[in-house]
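Undergrad: Below are the structure tokens for one structure; questions will follow.
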Amino acid sequence: MKIKAKAKPEFDKYWYYRNSVQAPDNDVQFLRETYKEIRGKDPVTLREDFCGTFAISCEWVKMGSKFKAYGVDLDSEPILYGLSHYLPQLAPAQRERVKILQENVLNPGLPKADVIAAMNFSHFIFKDRSVMKSYMHNAYATLNSGGIFVCDVFGGSQCYEANEEATEHKTHTYYWDQENYEPISGNALFHIHFKPKGQKKIEKVFTYDWRLWSIPELREMLRETGFRKTHVYWEGTTRSGEGNGIFTRSEKGEDCQAWIAYVVGEK
């Protein structure tokens with residue numbers, strides 16, 4: 001469900017973020033269908049790591065009374081936003097099935113789940129291979145039997161050069177700004193800017209200091225941390241060459257300037 005715009009006394013960065021880059025209804029549909037494709041049955045529990053405002057967790061429990069969600073994040077600011085903006089939109093019974101923990105995703109003993117998801121490339125914050133493997137090992141240990149771990153990944157030649165891309169929306173313009181890419185470390189710096197209609201551009205609303213991991217690297221680390229199988233879900237394209245939002249399992253991608261995919265590990 002889209003959050004309708006309201007008059008606000010100050011700039012609401014999370015509203016602009018959700019209405020620029022997030023589609024929680026599509027995310028939960030993909031997670032549910034992917035689990036069903038692999039396991040032949042519905043998942044029940046989701047753990048949304050790096051959950052931020054936990055919009056995906058809220059969308060998960062809307063699917064039915066059996067669905068439960070856990071959100072895990074270290075940052076109190078987006079958690080508080082979700083508690084005041086998204087959680088109240090759920091029915092009382094739905095709210096009872098959402099549990100939010102202000103915890104480190106590396107901590108052992110996190111809630112177990114059928115699906116553990118790291119979305120919006122948030123796991124790219126782990127730049128060191130040993131730390132990323134520690135995270136994947138913890139995800140494996142806290143998956144239910146037969147569970148799946150899902151993370152997204154992006155790449156393409158456009159990701160190796162400084163560039164800024166603007167996307168027009170009815171209420172604002174969204175900017176994805178890649179400041180740099182350093183090839184020896186694989187590290188890159190990104191910013192999100194917004195320009196509300198009729199207002200000045202607001203620079204560096206969000207900043208991401210990431211390592212750009214590749215699909216083969218992620219799959220190798222998943223196998224090294226115990227996952228018995230890995231899969232890649234590649235996004236299809238429209239006639240104009242743009243991503244169509246439909247992800248299918250594939251072992252061969254396309255040489256695109258920019259692409260998005262999901263990497264899935266089976267326990």
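In the structure tokens, chains take the letters A, B, ... in the order shown, each chain's residues start at 1, and ligands count up from 1 in the order shown.
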Extract, using only C-alpha atoms, all DNA, RNA and protein residues at most 12 Å from Gln199 of chain A, discarding same-chain residues fewer than 6 positions from it, and format them as a PyMOL selection string.

TA: chain A and resi 11+171-173

Undergrad: What's around Ala117 of chain A at 8 Å? Count only C-alpha atoms, leave out sequence neighbours fewer than 4 positions away in its own chain, and write the answer as a PDB file with C-alpha atoms, in the first residue's frame.

TA:
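Result written to around-v2.pdb:
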```pdb
ATOM      1  CA  LEU A  46      10.535 -13.693   7.597  1.00  0.00           C
ATOM      2  CA  ARG A  47      13.544 -12.012   9.154  1.00  0.00           C
ATOM      3  CA  GLU A  48      14.306  -8.701   7.529  1.00  0.00           C
ATOM      4  CA  ASP A  49      17.948  -7.914   8.303  1.00  0.00           C
ATOM      5  CA  PHE A 149      18.731 -16.556   2.481  1.00  0.00           C
ATOM      6  CA  VAL A 150      18.069 -13.813  -0.080  1.00  0.00           C
ATOM      7  CA  CYS A 151      20.201 -10.772  -0.863  1.00  0.00           C
TER       8      CYS A 151
END
```

Undergrad: Sorted by chain and rising residue number, which residues of segment 33-109 of chain A lie within 12 Å of segment 213-233 of chain A, and what are their closest atom pairs and distances in Å to one decimal, counting only C-alpha atoms, as CSV?

TA:
```
residue,atom,partner,partner_atom,distance
A:Glu33,CA,A:Tyr233,CA,11.9
A:Thr34,CA,A:Tyr233,CA,9.2
A:Tyr35,CA,A:His231,CA,11.8
A:Glu37,CA,A:His231,CA,11.7
A:Ile38,CA,A:His231,CA,10.0
```

Undergrad: Just want the 10 Å neighbourhood of Ser185 of chain A, counted on only C-alpha atoms, with same-chain residues fewer than 2 positions away dropped. Output as a PyMOL selection string.

TA: chain A and resi 127-128+181-183+187-188+211-212

Undergrad: Selection from above, C-alpha atoms, as an mmCIF file, in the first residue's frame, can you write it?

TA:
```
data_model
loop_
_atom_site.group_PDB
_atom_site.id
_atom_site.type_symbol
_atom_site.label_atom_id
_atom_site.label_comp_id
_atom_site.auth_asym_id
_atom_site.auth_seq_id
_atom_site.Cartn_x
_atom_site.Cartn_y
_atom_site.Cartn_z
ATOM 1 C CA LYS A 127 33.704 -4.660 3.038
ATOM 2 C CA ASP A 128 35.883 -7.422 4.450
ATOM 3 C CA TYR A 181 34.703 3.745 -7.467
ATOM 4 C CA GLU A 182 38.106 2.504 -6.300
ATOM 5 C CA PRO A 183 39.110 -0.615 -8.256
ATOM 6 C CA ASN A 187 34.835 0.279 -2.626
ATOM 7 C CA ALA A 188 32.432 2.921 -3.900
ATOM 8 C CA ARG A 211 32.078 -2.511 -1.358
ATOM 9 C CA LEU A 212 30.675 -3.633 -4.704
#
```

Undergrad: So which residues of segment 32-246 of chain A fall under strand (DSSP E or B) by DSSP, listed as an NGL selection string?

TA: :A and (45-49 or 68-73 or 98-102 or 113-118 or 143-155 or 163-168 or 172-182 or 187-196 or 202-211 or 229-237 or 243-246)

Undergrad: Report as a list in words all protein, DNA and RNA residues lying within 10 Å of segment 200-204 of chain A, evaluated on only C-alpha atoms, omitting residues in the same chain fewer than 5 positions from it.

TA: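 Once the adjacent positions are removed, what remains is Phe11, Lys13, His172, Thr173, Tyr174, Tyr175, Trp176, Asp177, Phe190, His191, Ile192, His193, Phe194 and Lys195 of chain A.
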
Undergrad: Where does segment 158-194 of chain A meet segment 250-266 of chain A within 10 Å, residue by residue, with the nearest atom pair and distance in Å to one decimal for each, counting only C-alpha atoms, listed by chain and rising number, as JSON lines?

TA:
```
{"residue": "A:Gln158", "atom": "CA", "partner": "A:Gln257", "partner_atom": "CA", "distance": 5.0}
{"residue": "A:Cys159", "atom": "CA", "partner": "A:Ala258", "partner_atom": "CA", "distance": 7.0}
{"residue": "A:Tyr160", "atom": "CA", "partner": "A:Gln257", "partner_atom": "CA", "distance": 9.7}
```

Undergrad: If you measure from atom CA of Glu103 of chain A to atom CA of Lys36 of chain A, what distance in Å do you get, rounded to one decimal?

TA: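 Computing the Euclidean distance for atom CA of Glu103 of chain A and atom CA of Lys36 of chain A yields 28.8 Å.
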
Undergrad: Near Lys112 of chain A, within 7 Å and counting only C-alpha atoms, which residues show up once chain neighbours fewer than 2 positions away are dropped, as JSON, numbers by chain?

TA: {"A": [110, 142, 143, 144]}

Undergrad: Have a look at A:Ser57, A:Thr238, A:Thr207, A:Gln29 and name the one nearest to Ala118 of chain A; count only C-alpha atoms.

TA: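 Among the listed residues, A:Ser57 lies closest to Ala118 of chain A.
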
Undergrad: Using only C-alpha atoms, can you tell me which of A:Trp234, A:Trp60, A:Phe54, A:Tyr16 comes closest to Val28 of chain A?

TA: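 Residue with the minimum atom-to-atom distance to Val28 of chain A: A:Trp60.
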
Undergrad: Nearest to Val105 of chain A: which of A:Gly236, A:Pro196, A:Gly71, A:Gly155 is it, counting only C-alpha atoms?

TA: A:Gly71

Undergrad: Which of segment 35-156 of chain A counts as alpha helix (DSSP H) under DSSP, as a PyMOL selection string please?

TA: chain A and resi 35-39+55-61+76-85+92-95+129-141

Undergrad: Restricting it to C-alpha atoms, dump the selection as a PDB file, in the first residue's frame.

TA:
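Contents of the output file result-v5.pdb:
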```
ATOM      1  CA  TYR A  35      10.540 -19.969  -1.327  1.00  0.00           C
ATOM      2  CA  LYS A  36       7.534 -21.768  -2.833  1.00  0.00           C
ATOM      3  CA  GLU A  37       9.451 -22.433  -6.060  1.00  0.00           C
ATOM      4  CA  ILE A  38      12.329 -24.008  -4.113  1.00  0.00           C
ATOM      5  CA  ARG A  39      10.396 -25.722  -1.306  1.00  0.00           C
ATOM      6  CA  ALA A  55       8.295  -1.673   5.577  1.00  0.00           C
ATOM      7  CA  ILE A  56       8.867  -5.182   4.172  1.00  0.00           C
ATOM      8  CA  SER A  57       8.089  -6.806   7.526  1.00  0.00           C
ATOM      9  CA  CYS A  58       4.844  -4.845   7.738  1.00  0.00           C
ATOM     10  CA  GLU A  59       3.898  -5.936   4.230  1.00  0.00           C
ATOM     11  CA  TRP A  60       4.751  -9.577   5.020  1.00  0.00           C
ATOM     12  CA  VAL A  61       2.169  -9.941   7.787  1.00  0.00           C
ATOM     13  CA  SER A  76      17.169   3.536  16.192  1.00  0.00           C
ATOM     14  CA  GLU A  77      16.146   6.430  13.918  1.00  0.00           C
ATOM     15  CA  PRO A  78      14.537   4.428  11.076  1.00  0.00           C
ATOM     16  CA  ILE A  79      13.122   1.931  13.576  1.00  0.00           C
ATOM     17  CA  LEU A  80      11.349   4.746  15.438  1.00  0.00           C
ATOM     18  CA  TYR A  81      10.037   6.059  12.122  1.00  0.00           C
ATOM     19  CA  GLY A  82       8.567   2.668  11.253  1.00  0.00           C
ATOM     20  CA  LEU A  83       7.036   2.350  14.715  1.00  0.00           C
ATOM     21  CA  SER A  84       5.279   5.705  14.343  1.00  0.00           C
ATOM     22  CA  HIS A  85       4.390   5.618  10.618  1.00  0.00           C
ATOM     23  CA  PRO A  92      -3.997  -4.933  15.768  1.00  0.00           C
ATOM     24  CA  ALA A  93      -3.622  -8.659  15.005  1.00  0.00           C
ATOM     25  CA  GLN A  94      -1.088  -7.874  12.270  1.00  0.00           C
ATOM     26  CA  ARG A  95       0.944  -5.639  14.591  1.00  0.00           C
ATOM     27  CA  ARG A 129      35.373 -10.965   3.173  1.00  0.00           C
ATOM     28  CA  SER A 130      35.717 -12.499   6.634  1.00  0.00           C
ATOM     29  CA  VAL A 131      33.026 -10.184   8.034  1.00  0.00           C
ATOM     30  CA  MET A 132      30.664 -10.896   5.157  1.00  0.00           C
ATOM     31  CA  LYS A 133      31.194 -14.619   5.699  1.00  0.00           C
ATOM     32  CA  SER A 134      30.488 -14.171   9.407  1.00  0.00           C
ATOM     33  CA  TYR A 135      27.191 -12.560   8.492  1.00  0.00           C
ATOM     34  CA  MET A 136      26.299 -15.345   6.069  1.00  0.00           C
ATOM     35  CA  HIS A 137      27.296 -17.984   8.616  1.00  0.00           C
ATOM     36  CA  ASN A 138      25.014 -16.348  11.177  1.00  0.00           C
ATOM     37  CA  ALA A 139      22.181 -16.260   8.637  1.00  0.00           C
ATOM     38  CA  TYR A 140      22.717 -19.968   7.925  1.00  0.00           C
ATOM     39  CA  ALA A 141      22.724 -20.823  11.636  1.00  0.00           C
TER      40      ALA A 141
END
```

Undergrad: From the set A:Asn120, A:Thr167, A:Thr53, A:Asn107, which residue has the shortest atom-to-atom contact distance to Asp27 of chain A, counting only C-alpha atoms?

TA: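 For Asp27 of chain A, the nearest of the given residues is A:Asn120.
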
Undergrad: Near Val44 of chain A, counting only C-alpha atoms, which residues have an atom at most 8 Å away, once you skip same-chain residues fewer than 4 positions from it, shown as a PyMOL selection string?

TA: chain A and resi 66-68+113-114

Undergrad: Pick from A:Thr248, A:Tyr14, A:Arg97, A:Gln89: nearest to Gly64 of chain A, with only C-alpha atoms counted?

TA: A:Arg97

Undergrad: I'd like the interatomic distance between atom CA of Arg249 of chain A and atom CA of Gln22 of chain A, to a tenth of an Å.

TA: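 These two atoms are separated by 21.9 Å.
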
Undergrad: Quick one, how far is atom CA of Ile246 of chain A from atom CA of Tyr86 of chain A?

TA: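 Result for atom CA of Ile246 of chain A versus atom CA of Tyr86 of chain A: 26.2 Å, one decimal.
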